[in-house]
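The structure appears below as structure tokens.
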Amino acid sequence: MTKIYECETCGVVTAVRGQVCAPRGVEDKGSYCGTAPETGEMCSDMKGHLAYVCGSCGRPAEQAELLCNPLLTG
């Protein structure tokens, strides 16, 4: 099972701990998908290279498989 990390600052989810500035481990998609990120402000390191956003709740992610309704950004 892939470990999932959520940034405590902006809510971005990723499978790579080093990609977020304030990582905390989450159990699975059910613990965050469908919930809005804590803030609307994304960490500066993430702004330029996020590939996906959830079409249901707007949560940003690095990998499509971490979202229930992934949409490509940009």
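Following the order of the structure tokens, first chain is A, next is B, and so on, with residues numbered from 1 inside each chain and ligands from 1 in the order they appear.
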
List the neighbours of region 17-34 of chain A out to 8 Å using only C-alpha atoms; skip same-chain residues closer than 2 positions along the sequence, and give me the result as a ChimeraX atom specification.
/A:3-9,12,14-15,36,43,45-46,56-57,59,66-68

Which parts of chain A does DSSP call strand (DSSP E or B) when run on the backbone here, written out as a PyMOL selection string?
chain A and resi 4-7+13-14+23-26+52-54+60-61+70-72

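Across the model, the gap from CA of Val13 (chain A) to CA of Gly58 (chain A) is 11.6 Å.
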
Considering only alpha helix (DSSP H) as DSSP defines it on the backbone, what residues of chain A qualify? List them as a VMD selection string.
chain A and resid 44 to 47

Could you dump the residues just selected with all heavy atoms as an mmCIF file, in the first residue's frame?
```cif
data_model
loop_
_atom_site.group_PDB
_atom_site.id
_atom_site.type_symbol
_atom_site.label_atom_id
_atom_site.label_comp_id
_atom_site.auth_asym_id
_atom_site.auth_seq_id
_atom_site.Cartn_x
_atom_site.Cartn_y
_atom_site.Cartn_z
ATOM 1 N N SER A 44 4.352 27.857 -1.747
ATOM 2 C CA SER A 44 5.051 28.406 -2.913
ATOM 3 C C SER A 44 5.801 27.354 -3.711
ATOM 4 O O SER A 44 5.875 27.444 -4.934
ATOM 5 C CB SER A 44 5.984 29.530 -2.490
ATOM 6 O OG SER A 44 6.931 29.054 -1.564
ATOM 7 N N ASP A 45 6.360 26.338 -3.057
ATOM 8 C CA ASP A 45 7.091 25.287 -3.772
ATOM 9 C C ASP A 45 6.181 24.451 -4.664
ATOM 10 O O ASP A 45 6.627 23.863 -5.629
ATOM 11 C CB ASP A 45 7.806 24.363 -2.785
ATOM 12 C CG ASP A 45 8.968 25.042 -2.105
ATOM 13 O OD1 ASP A 45 9.370 26.133 -2.545
ATOM 14 O OD2 ASP A 45 9.484 24.473 -1.123
ATOM 15 N N MET A 46 4.906 24.373 -4.350
ATOM 16 C CA MET A 46 3.987 23.517 -5.080
ATOM 17 C C MET A 46 3.304 24.221 -6.246
ATOM 18 O O MET A 46 2.863 23.574 -7.185
ATOM 19 C CB MET A 46 2.902 22.986 -4.131
ATOM 20 C CG MET A 46 3.422 22.136 -3.001
ATOM 21 S SD MET A 46 4.377 20.707 -3.553
ATOM 22 C CE MET A 46 3.118 19.712 -4.304
ATOM 23 N N LYS A 47 3.200 25.525 -6.208
ATOM 24 C CA LYS A 47 2.412 26.272 -7.192
ATOM 25 C C LYS A 47 2.778 25.976 -8.642
ATOM 26 O O LYS A 47 1.916 25.874 -9.493
ATOM 27 C CB LYS A 47 2.521 27.773 -6.938
ATOM 28 C CG LYS A 47 1.734 28.222 -5.747
ATOM 29 C CD LYS A 47 1.849 29.710 -5.562
ATOM 30 C CE LYS A 47 1.087 30.142 -4.324
ATOM 31 N NZ LYS A 47 1.212 31.563 -4.069
#
```

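Using only C-alpha atoms, the contacts of Ala64 (chain A) at a cut-off of 9 Å, with sequence neighbours closer than 3 positions omitted, comprise A:Ala51, A:Tyr52, A:Val53, A:Cys54, A:Ala61, A:Leu67, A:Cys68, A:Asn69, A:Pro70, A:Leu71, A:Leu72.
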